[in-house]
Amino acid sequence: MADGGCAAINTKIEEGEGGYILEDVPHLTDYLPSLLTYPNPLQDNPAYSVVKQYFVDVDDTVAQKIVVHKNGDRGIHFRRAGPRQKVYFKSDEVHACIVTCGGLCPGLNTVIREIVCGLHYMYGVSKIIGIDVSHGGYMGFYSKNTVTLTPKVVNDIHKRGGTVLGTSRGGHDTSKIVDSIQDRGINQVYVIGGDGTQKGAAVIYEEVRRRGLKVSVAGIPKTIDNDIPVIDRSFGFDTAVEEAQRAINAAHVEAESTENGIGVVKLMGRYSGFIAMYATLASRDVDCCLIPESPFFLEGKGGLFQFIRKRLKENGHMVIVIAEGAGQDLLTESMQSMGQQDASGNKQLQDVGFWISHRIKDHFAKEHNMAITLKYIDPTYMIRAIPGNASDNVYCTLLAQSAVHGAMAGYTGFTCGPVNGRHSYIPFNRITEKQNKVVITDRMWARLLSSTNQPSFL
Ligand SMILES: Nc1ncnc2c1ncn2[C@@H]1O[C@H](COP(=O)(O)OP(=O)(O)OP(=O)(O)O)[C@@H](O)[C@H]1O
Ligand SMILES: O=P(O)(O)OC[C@H]1O[C@](O)(CO)[C@@H](O)[C@@H]1O
Ligand SMILES: [Mg+2]
């Protein structure tokens, strides 16, 4: 598993005027100092010849803090993503592989497609393989088959949900994976996955460096949960929030069509409640949004049951959106806690949607002066097993091209992603050090509370 060692190898700090700090990413020449460089083939590419300043300046960096004070420190910056004047791989030298890990996410196939097309059309690379379909994910590295990826093969995969390469959880065996990379002569590894996957990519990078291999390891952050820090948001999140509207709308129609109707919708979000929060804000038909970051309770003064009674009296119906990771502490009190984990070590959740629906029905069944009608909708996998929407598809294209430009320029040990809208290369340790969570003392959560008028349960 990734450990402090990752941070040690990964840390390249440069300081400048006014409290400027560059958290740089590793480069192949950090441990292979005499690598040759080649002119970037993009300079002869007609599509890009029109662009005046196409190559990113080597000193371009992106500020993590954009709300600043006149005399305040400039703070942390990351290396800006994009094509460099010089590359460290000749086109026919590149042997790239792509692997997808963890849960499905809208736009996964778009990232695959755009890595293949970017390598092929921008850099003239023709040797690209996908890590094994039958054993997707990290396990695929040490199974036998791989799939050859060409622009023709991937042409329309962005219109399909899921991943054409398959995915998996668990099975990360660093030395077996790097053996496979070495044996196959792979020298660029594109790892598409969430927080767990990026931890896996970090230890692969460390082992590659330890062996002194000329292999660029590039991470592309992926998860519908948006639980990855530093980047503005994870791809697929926008599509998931948009798709969740259908379930919330159905719950609202069911609820408003009967007296004391309650619609309950459970959305994904194992540790972070971003999908539930943004879907609630987008819908405006939700009366209560429950997320893992904001504890709540059912009984007594200020509890959920009291709020439901009040809302039904005022409005005759209501909608509750609950993230699947919310209320798990309450379940473990009342149900046999499974306490199990999935193959990657993520906690296995109990079905909080079913539990809370049962508890609400049970509570009001005993209250003879208020009969309710509750409909429970669980769209869980429907919001992620779909293609990316237009916005996510464009975002996936930029992510994929950032990764390709970075690897070709010899950067390694990085996750690419937008920081304040500018694509950057972020050291693995900054991505893996914590999970992005909803901050319930932030103004965005206050906006939610004021839109639902739910109790803060604090
Ligand atoms: N600390 C770690 N070190 C090495 N490999 C890891 C680590 N954590 C997770 N992995 C591997 O990364 C892969 C994906 O991890 P996981 O199943 O947690 O999904 P994820 O990447 O977090 O994506 P999502 O959150 O969208 O499901 C798995 O194969 C898992 O074994
Ligand atoms: O794909 P699995 O193993 O069913 O896990 C589902 C989990 O994956 C995610 O979709 C992404 O981490 C979570 O929102 C959800 O809890
Ligand atoms: Mg994860």
# chains A, B, ... in the order shown; residues from 1 in each chain; ligands from 1
>>> residues_near_ligand(ligand="ligand 1", cutoff="10 Å", atoms="only C-alpha atoms and all ligand atoms", output="PDB file with N, CA, C and O atoms, in the first residue's frame")
ATOM      1  N   MET A   1       0.860  -1.190   0.000  1.00  0.00           N
ATOM      2  CA  MET A   1       0.000   0.000   0.000  1.00  0.00           C
ATOM      3  C   MET A   1       0.888   1.229   0.000  1.00  0.00           C
ATOM      4  O   MET A   1       1.990   1.219   0.504  1.00  0.00           O
ATOM      5  N   ALA A   2       0.396   2.353  -0.498  1.00  0.00           N
ATOM      6  CA  ALA A   2       1.202   3.600  -0.555  1.00  0.00           C
ATOM      7  C   ALA A   2       1.558   3.989   0.881  1.00  0.00           C
ATOM      8  O   ALA A   2       0.758   3.840   1.776  1.00  0.00           O
ATOM      9  N   ASP A   3       2.759   4.518   1.041  1.00  0.00           N
ATOM     10  CA  ASP A   3       3.104   4.943   2.405  1.00  0.00           C
ATOM     11  C   ASP A   3       3.811   6.290   2.334  1.00  0.00           C
ATOM     12  O   ASP A   3       3.869   6.904   1.292  1.00  0.00           O
ATOM     13  N   THR A 100      -8.090   0.918 -16.657  1.00  0.00           N
ATOM     14  CA  THR A 100      -9.174   1.600 -15.922  1.00  0.00           C
ATOM     15  C   THR A 100      -9.497   0.778 -14.677  1.00  0.00           C
ATOM     16  O   THR A 100      -9.614  -0.450 -14.757  1.00  0.00           O
ATOM     17  N   CYS A 101      -9.621   1.450 -13.537  1.00  0.00           N
ATOM     18  CA  CYS A 101      -9.822   0.754 -12.262  1.00  0.00           C
ATOM     19  C   CYS A 101     -10.946   1.409 -11.457  1.00  0.00           C
ATOM     20  O   CYS A 101     -11.252   2.585 -11.644  1.00  0.00           O
ATOM     21  N   GLY A 102     -11.517   0.620 -10.548  1.00  0.00           N
ATOM     22  CA  GLY A 102     -12.529   1.135  -9.614  1.00  0.00           C
ATOM     23  C   GLY A 102     -13.907   1.178 -10.244  1.00  0.00           C
ATOM     24  O   GLY A 102     -14.187   0.527 -11.246  1.00  0.00           O
ATOM     25  N   GLY A 103     -14.790   1.974  -9.614  1.00  0.00           N
ATOM     26  CA  GLY A 103     -16.181   2.018 -10.061  1.00  0.00           C
ATOM     27  C   GLY A 103     -16.337   2.666 -11.429  1.00  0.00           C
ATOM     28  O   GLY A 103     -15.491   3.448 -11.865  1.00  0.00           O
ATOM     29  N   LEU A 104     -17.457   2.330 -12.107  1.00  0.00           N
ATOM     30  CA  LEU A 104     -17.725   2.946 -13.408  1.00  0.00           C
ATOM     31  C   LEU A 104     -18.002   4.434 -13.221  1.00  0.00           C
ATOM     32  O   LEU A 104     -18.357   4.891 -12.144  1.00  0.00           O
ATOM     33  N   CYS A 105     -17.840   5.166 -14.335  1.00  0.00           N
ATOM     34  CA  CYS A 105     -17.998   6.616 -14.277  1.00  0.00           C
ATOM     35  C   CYS A 105     -18.279   7.132 -15.686  1.00  0.00           C
ATOM     36  O   CYS A 105     -17.584   6.739 -16.621  1.00  0.00           O
ATOM     37  N   GLY A 136     -10.300  -6.672 -16.073  1.00  0.00           N
ATOM     38  CA  GLY A 136     -10.039  -5.226 -16.071  1.00  0.00           C
ATOM     39  C   GLY A 136      -9.323  -4.805 -14.812  1.00  0.00           C
ATOM     40  O   GLY A 136      -9.213  -5.563 -13.853  1.00  0.00           O
ATOM     41  N   GLY A 137      -8.845  -3.568 -14.841  1.00  0.00           N
ATOM     42  CA  GLY A 137      -8.199  -3.028 -13.646  1.00  0.00           C
ATOM     43  C   GLY A 137      -6.781  -3.536 -13.495  1.00  0.00           C
ATOM     44  O   GLY A 137      -6.196  -4.133 -14.404  1.00  0.00           O
ATOM     45  N   TYR A 138      -6.206  -3.295 -12.335  1.00  0.00           N
ATOM     46  CA  TYR A 138      -4.791  -3.624 -12.112  1.00  0.00           C
ATOM     47  C   TYR A 138      -4.507  -5.109 -12.344  1.00  0.00           C
ATOM     48  O   TYR A 138      -3.423  -5.477 -12.786  1.00  0.00           O
ATOM     49  N   MET A 139      -5.481  -5.981 -12.039  1.00  0.00           N
ATOM     50  CA  MET A 139      -5.234  -7.425 -12.224  1.00  0.00           C
ATOM     51  C   MET A 139      -4.915  -7.725 -13.685  1.00  0.00           C
ATOM     52  O   MET A 139      -4.232  -8.677 -14.008  1.00  0.00           O
ATOM     53  N   GLY A 140      -5.444  -6.868 -14.574  1.00  0.00           N
ATOM     54  CA  GLY A 140      -5.250  -7.115 -16.005  1.00  0.00           C
ATOM     55  C   GLY A 140      -3.790  -7.097 -16.414  1.00  0.00           C
ATOM     56  O   GLY A 140      -3.399  -7.712 -17.399  1.00  0.00           O
ATOM     57  N   THR A 167     -12.989  -3.157 -15.746  1.00  0.00           N
ATOM     58  CA  THR A 167     -12.398  -2.579 -14.538  1.00  0.00           C
ATOM     59  C   THR A 167     -12.509  -3.600 -13.415  1.00  0.00           C
ATOM     60  O   THR A 167     -13.125  -4.651 -13.578  1.00  0.00           O
ATOM     61  N   SER A 168     -11.863  -3.281 -12.297  1.00  0.00           N
ATOM     62  CA  SER A 168     -11.966  -4.198 -11.145  1.00  0.00           C
ATOM     63  C   SER A 168     -11.565  -3.451  -9.889  1.00  0.00           C
ATOM     64  O   SER A 168     -11.082  -2.307  -9.952  1.00  0.00           O
ATOM     65  N   ARG A 169     -11.732  -4.127  -8.766  1.00  0.00           N
ATOM     66  CA  ARG A 169     -11.232  -3.630  -7.483  1.00  0.00           C
ATOM     67  C   ARG A 169     -10.279  -4.702  -6.938  1.00  0.00           C
ATOM     68  O   ARG A 169     -10.370  -5.868  -7.263  1.00  0.00           O
ATOM     69  N   GLY A 170      -9.394  -4.238  -6.084  1.00  0.00           N
ATOM     70  CA  GLY A 170      -8.451  -5.172  -5.471  1.00  0.00           C
ATOM     71  C   GLY A 170      -7.389  -5.613  -6.455  1.00  0.00           C
ATOM     72  O   GLY A 170      -7.259  -5.073  -7.552  1.00  0.00           O
ATOM     73  N   GLY A 171      -6.600  -6.576  -6.074  1.00  0.00           N
ATOM     74  CA  GLY A 171      -5.656  -7.224  -6.988  1.00  0.00           C
ATOM     75  C   GLY A 171      -4.450  -6.402  -7.364  1.00  0.00           C
ATOM     76  O   GLY A 171      -3.827  -6.644  -8.396  1.00  0.00           O
ATOM     77  N   HIS A 172      -4.116  -5.379  -6.577  1.00  0.00           N
ATOM     78  CA  HIS A 172      -2.949  -4.561  -6.946  1.00  0.00           C
ATOM     79  C   HIS A 172      -1.696  -5.192  -6.369  1.00  0.00           C
ATOM     80  O   HIS A 172      -1.486  -5.164  -5.168  1.00  0.00           O
ATOM     81  N   ASP A 173      -0.881  -5.783  -7.248  1.00  0.00           N
ATOM     82  CA  ASP A 173       0.379  -6.398  -6.800  1.00  0.00           C
ATOM     83  C   ASP A 173       1.503  -5.652  -7.512  1.00  0.00           C
ATOM     84  O   ASP A 173       1.760  -5.880  -8.698  1.00  0.00           O
ATOM     85  N   THR A 174       2.108  -4.720  -6.804  1.00  0.00           N
ATOM     86  CA  THR A 174       3.042  -3.774  -7.428  1.00  0.00           C
ATOM     87  C   THR A 174       4.129  -4.473  -8.234  1.00  0.00           C
ATOM     88  O   THR A 174       4.343  -4.161  -9.406  1.00  0.00           O
ATOM     89  N   VAL A 191      -3.146   5.612 -16.166  1.00  0.00           N
ATOM     90  CA  VAL A 191      -3.968   4.940 -15.153  1.00  0.00           C
ATOM     91  C   VAL A 191      -5.200   5.787 -14.862  1.00  0.00           C
ATOM     92  O   VAL A 191      -5.083   6.895 -14.316  1.00  0.00           O
ATOM     93  N   ILE A 192      -6.353   5.282 -15.230  1.00  0.00           N
ATOM     94  CA  ILE A 192      -7.604   6.050 -15.055  1.00  0.00           C
ATOM     95  C   ILE A 192      -8.351   5.461 -13.858  1.00  0.00           C
ATOM     96  O   ILE A 192      -8.736   4.272 -13.880  1.00  0.00           O
ATOM     97  N   GLY A 193      -8.519   6.251 -12.801  1.00  0.00           N
ATOM     98  CA  GLY A 193      -9.202   5.714 -11.618  1.00  0.00           C
ATOM     99  C   GLY A 193      -9.320   6.740 -10.522  1.00  0.00           C
ATOM    100  O   GLY A 193      -8.840   7.869 -10.633  1.00  0.00           O
ATOM    101  N   GLY A 194      -9.990   6.316  -9.438  1.00  0.00           N
ATOM    102  CA  GLY A 194     -10.269   7.237  -8.339  1.00  0.00           C
ATOM    103  C   GLY A 194      -9.144   7.308  -7.322  1.00  0.00           C
ATOM    104  O   GLY A 194      -7.993   6.979  -7.627  1.00  0.00           O
ATOM    105  N   ASP A 195      -9.521   7.649  -6.096  1.00  0.00           N
ATOM    106  CA  ASP A 195      -8.495   7.861  -5.060  1.00  0.00           C
ATOM    107  C   ASP A 195      -7.677   6.591  -4.825  1.00  0.00           C
ATOM    108  O   ASP A 195      -6.449   6.631  -4.717  1.00  0.00           O
ATOM    109  N   GLY A 196      -8.378   5.462  -4.831  1.00  0.00           N
ATOM    110  CA  GLY A 196      -7.641   4.201  -4.625  1.00  0.00           C
ATOM    111  C   GLY A 196      -6.678   3.933  -5.762  1.00  0.00           C
ATOM    112  O   GLY A 196      -5.500   3.614  -5.557  1.00  0.00           O
ATOM    113  N   THR A 197      -7.169   4.099  -6.965  1.00  0.00           N
ATOM    114  CA  THR A 197      -6.334   3.842  -8.153  1.00  0.00           C
ATOM    115  C   THR A 197      -5.106   4.724  -8.168  1.00  0.00           C
ATOM    116  O   THR A 197      -3.998   4.278  -8.492  1.00  0.00           O
ATOM    117  N   GLN A 198      -5.281   5.997  -7.808  1.00  0.00           N
ATOM    118  CA  GLN A 198      -4.138   6.934  -7.828  1.00  0.00           C
ATOM    119  C   GLN A 198      -3.106   6.526  -6.782  1.00  0.00           C
ATOM    120  O   GLN A 198      -1.912   6.680  -6.991  1.00  0.00           O
ATOM    121  N   LYS A 199      -3.568   5.932  -5.689  1.00  0.00           N
ATOM    122  CA  LYS A 199      -2.603   5.399  -4.698  1.00  0.00           C
ATOM    123  C   LYS A 199      -1.835   4.237  -5.343  1.00  0.00           C
ATOM    124  O   LYS A 199      -0.631   4.110  -5.206  1.00  0.00           O
ATOM    125  N   GLY A 200      -2.583   3.434  -6.092  1.00  0.00           N
ATOM    126  CA  GLY A 200      -1.947   2.316  -6.787  1.00  0.00           C
ATOM    127  C   GLY A 200      -0.948   2.805  -7.815  1.00  0.00           C
ATOM    128  O   GLY A 200       0.151   2.258  -7.946  1.00  0.00           O
ATOM    129  N   ALA A 201      -1.296   3.869  -8.518  1.00  0.00           N
ATOM    130  CA  ALA A 201      -0.385   4.425  -9.533  1.00  0.00           C
ATOM    131  C   ALA A 201       0.872   4.988  -8.876  1.00  0.00           C
ATOM    132  O   ALA A 201       1.985   4.855  -9.406  1.00  0.00           O
ATOM    133  N   ALA A 202       0.707   5.556  -7.682  1.00  0.00           N
ATOM    134  CA  ALA A 202       1.854   6.145  -6.970  1.00  0.00           C
ATOM    135  C   ALA A 202       2.882   5.073  -6.627  1.00  0.00           C
ATOM    136  O   ALA A 202       4.089   5.259  -6.829  1.00  0.00           O
ATOM    137  N   VAL A 203       2.414   3.908  -6.171  1.00  0.00           N
ATOM    138  CA  VAL A 203       3.380   2.850  -5.813  1.00  0.00           C
ATOM    139  C   VAL A 203       3.977   2.209  -7.059  1.00  0.00           C
ATOM    140  O   VAL A 203       5.130   1.765  -7.054  1.00  0.00           O
ATOM    141  N   ILE A 204       3.222   2.212  -8.162  1.00  0.00           N
ATOM    142  CA  ILE A 204       3.800   1.725  -9.424  1.00  0.00           C
ATOM    143  C   ILE A 204       4.923   2.665  -9.842  1.00  0.00           C
ATOM    144  O   ILE A 204       6.027   2.237 -10.198  1.00  0.00           O
ATOM    145  N   PRO A 221      -7.606  11.303 -12.929  1.00  0.00           N
ATOM    146  CA  PRO A 221      -8.533  11.099 -11.804  1.00  0.00           C
ATOM    147  C   PRO A 221      -9.962  10.845 -12.281  1.00  0.00           C
ATOM    148  O   PRO A 221     -10.450  11.553 -13.166  1.00  0.00           O
ATOM    149  N   LYS A 222     -10.595   9.842 -11.682  1.00  0.00           N
ATOM    150  CA  LYS A 222     -11.934   9.420 -12.114  1.00  0.00           C
ATOM    151  C   LYS A 222     -12.759   9.013 -10.908  1.00  0.00           C
ATOM    152  O   LYS A 222     -12.321   8.237 -10.088  1.00  0.00           O
ATOM    153  N   THR A 223     -13.914   9.546 -10.728  1.00  0.00           N
ATOM    154  CA  THR A 223     -14.901   9.009  -9.799  1.00  0.00           C
ATOM    155  C   THR A 223     -16.145   9.885  -9.864  1.00  0.00           C
ATOM    156  O   THR A 223     -16.037  11.098  -9.994  1.00  0.00           O
ATOM    157  N   ILE A 224     -17.317   9.251  -9.787  1.00  0.00           N
ATOM    158  CA  ILE A 224     -18.510  10.111  -9.797  1.00  0.00           C
ATOM    159  C   ILE A 224     -18.667  10.801  -8.447  1.00  0.00           C
ATOM    160  O   ILE A 224     -19.335  11.821  -8.336  1.00  0.00           O
ATOM    161  N   ASP A 225     -17.984  10.260  -7.419  1.00  0.00           N
ATOM    162  CA  ASP A 225     -18.174  10.808  -6.058  1.00  0.00           C
ATOM    163  C   ASP A 225     -17.572  12.183  -5.867  1.00  0.00           C
ATOM    164  O   ASP A 225     -17.866  12.859  -4.887  1.00  0.00           O
ATOM    165  N   ASN A 226     -16.653  12.556  -6.762  1.00  0.00           N
ATOM    166  CA  ASN A 226     -15.941  13.838  -6.618  1.00  0.00           C
ATOM    167  C   ASN A 226     -15.172  13.896  -5.294  1.00  0.00           C
ATOM    168  O   ASN A 226     -15.053  14.944  -4.669  1.00  0.00           O
ATOM    169  N   ASP A 227     -14.639  12.745  -4.871  1.00  0.00           N
ATOM    170  CA  ASP A 227     -13.935  12.706  -3.566  1.00  0.00           C
ATOM    171  C   ASP A 227     -12.422  12.837  -3.729  1.00  0.00           C
ATOM    172  O   ASP A 227     -11.656  12.489  -2.842  1.00  0.00           O
ATOM    173  N   ILE A 228     -11.987  13.358  -4.903  1.00  0.00           N
ATOM    174  CA  ILE A 228     -10.549  13.542  -5.142  1.00  0.00           C
ATOM    175  C   ILE A 228     -10.195  15.003  -4.865  1.00  0.00           C
ATOM    176  O   ILE A 228     -10.847  15.901  -5.404  1.00  0.00           O
ATOM    177  N   SER A 234     -14.252  15.941 -10.371  1.00  0.00           N
ATOM    178  CA  SER A 234     -13.835  14.752 -11.126  1.00  0.00           C
ATOM    179  C   SER A 234     -14.781  14.574 -12.315  1.00  0.00           C
ATOM    180  O   SER A 234     -15.980  14.894 -12.226  1.00  0.00           O
ATOM    181  N   GLY A 236     -17.341  12.967 -14.832  1.00  0.00           N
ATOM    182  CA  GLY A 236     -18.448  12.035 -14.570  1.00  0.00           C
ATOM    183  C   GLY A 236     -19.387  12.543 -13.491  1.00  0.00           C
ATOM    184  O   GLY A 236     -20.569  12.202 -13.445  1.00  0.00           O
ATOM    185  N   GLY A 269     -22.350   7.930  -3.326  1.00  0.00           N
ATOM    186  CA  GLY A 269     -21.496   8.814  -2.539  1.00  0.00           C
ATOM    187  C   GLY A 269     -21.109   8.066  -1.285  1.00  0.00           C
ATOM    188  O   GLY A 269     -21.753   8.183  -0.250  1.00  0.00           O
ATOM    189  N   ARG A 270     -20.076   7.205  -1.440  1.00  0.00           N
ATOM    190  CA  ARG A 270     -19.675   6.309  -0.347  1.00  0.00           C
ATOM    191  C   ARG A 270     -19.187   7.095   0.874  1.00  0.00           C
ATOM    192  O   ARG A 270     -19.616   6.872   1.987  1.00  0.00           O
ATOM    193  N   TYR A 271     -18.256   8.037   0.649  1.00  0.00           N
ATOM    194  CA  TYR A 271     -17.728   8.808   1.789  1.00  0.00           C
ATOM    195  C   TYR A 271     -18.075  10.294   1.651  1.00  0.00           C
ATOM    196  O   TYR A 271     -18.042  11.034   2.618  1.00  0.00           O
ATOM    197  N   ASP A 342     -14.782  -3.936   0.525  1.00  0.00           N
ATOM    198  CA  ASP A 342     -14.713  -4.509  -0.814  1.00  0.00           C
ATOM    199  C   ASP A 342     -13.261  -4.909  -1.096  1.00  0.00           C
ATOM    200  O   ASP A 342     -12.385  -4.733  -0.241  1.00  0.00           O
ATOM    201  N   ALA A 343     -12.999  -5.426  -2.278  1.00  0.00           N
ATOM    202  CA  ALA A 343     -11.665  -5.979  -2.578  1.00  0.00           C
ATOM    203  C   ALA A 343     -10.568  -4.917  -2.497  1.00  0.00           C
ATOM    204  O   ALA A 343      -9.387  -5.230  -2.394  1.00  0.00           O
ATOM    205  N   SER A 344     -10.977  -3.639  -2.531  1.00  0.00           N
ATOM    206  CA  SER A 344      -9.966  -2.571  -2.461  1.00  0.00           C
ATOM    207  C   SER A 344      -9.822  -2.010  -1.067  1.00  0.00           C
ATOM    208  O   SER A 344      -9.031  -1.099  -0.847  1.00  0.00           O
ATOM    209  N   GLY A 345     -10.622  -2.528  -0.149  1.00  0.00           N
ATOM    210  CA  GLY A 345     -10.539  -2.031   1.226  1.00  0.00           C
ATOM    211  C   GLY A 345     -11.532  -0.935   1.528  1.00  0.00           C
ATOM    212  O   GLY A 345     -11.532  -0.357   2.606  1.00  0.00           O
ATOM    213  N   ASN A 346     -12.413  -0.598   0.560  1.00  0.00           N
ATOM    214  CA  ASN A 346     -13.464   0.394   0.838  1.00  0.00           C
ATOM    215  C   ASN A 346     -14.558  -0.252   1.667  1.00  0.00           C
ATOM    216  O   ASN A 346     -14.886  -1.423   1.472  1.00  0.00           O
ATOM    217  N   LYS A 347     -15.153   0.520   2.571  1.00  0.00           N
ATOM    218  CA  LYS A 347     -16.177  -0.100   3.437  1.00  0.00           C
ATOM    219  C   LYS A 347     -17.411  -0.466   2.601  1.00  0.00           C
ATOM    220  O   LYS A 347     -17.796   0.250   1.672  1.00  0.00           O
ATOM    221  N   ARG A 384     -24.315   6.148 -13.065  1.00  0.00           N
ATOM    222  CA  ARG A 384     -22.892   6.062 -13.443  1.00  0.00           C
ATOM    223  C   ARG A 384     -22.635   5.161 -14.646  1.00  0.00           C
ATOM    224  O   ARG A 384     -21.600   5.252 -15.288  1.00  0.00           O
ATOM    225  N   THR A 432      -3.395  11.769  -3.042  1.00  0.00           N
ATOM    226  CA  THR A 432      -3.704  10.593  -2.214  1.00  0.00           C
ATOM    227  C   THR A 432      -3.702  10.899  -0.722  1.00  0.00           C
ATOM    228  O   THR A 432      -4.057  10.052   0.074  1.00  0.00           O
ATOM    229  N   GLN A 435      -9.245  12.678   1.294  1.00  0.00           N
ATOM    230  CA  GLN A 435     -10.396  12.614   0.382  1.00  0.00           C
ATOM    231  C   GLN A 435     -11.108  13.956   0.396  1.00  0.00           C
ATOM    232  O   GLN A 435     -11.151  14.643   1.402  1.00  0.00           O
TER     233      GLN A 435
END
>>> residues_around(residues="range 146-152 of chain A", least_positions_apart="6", cutoff="8 Å", atoms="only C-alpha atoms", output="list in words")
Arg113, Val116, Cys117, His120, Ser126, Lys127, Ile128, Ile129, Gly130, Ile131, Asp132, Val133 and Gly140 of chain A
>>> select_by_dssp(residues="range 238-388 of chain A", states="helix (DSSP H, G or I)", output="PyMOL selection string")
chain A and resi 238-256+274-283+304-315+328-334+352-366+380-383
>>> closest_residue(among="A:Ala365, A:Val87, A:Ala276, A:Ile360", to="Glu324 in chain A", atoms="only C-alpha atoms")
A:Ala276
>>> atom_distance(atom1="CA of Leu28 in chain A", atom2="CA of Glu206 in chain A")
11.9 Å
>>> select_by_dssp(residues="range 91-143 of chain A", states="strand (DSSP E)", output="number ranges by chain")
A: 96-100, 128-131
>>> residues_around(residues="Arg160 in chain A", least_positions_apart="4", cutoff="12 Å", atoms="only C-alpha atoms", output="PyMOL selection string")
chain A and resi 104-113+154-156+164+384-389+393
>>> atom_distance(atom1="CA of Glu243 in chain A", atom2="CA of Ile275 in chain A")
10.3 Å
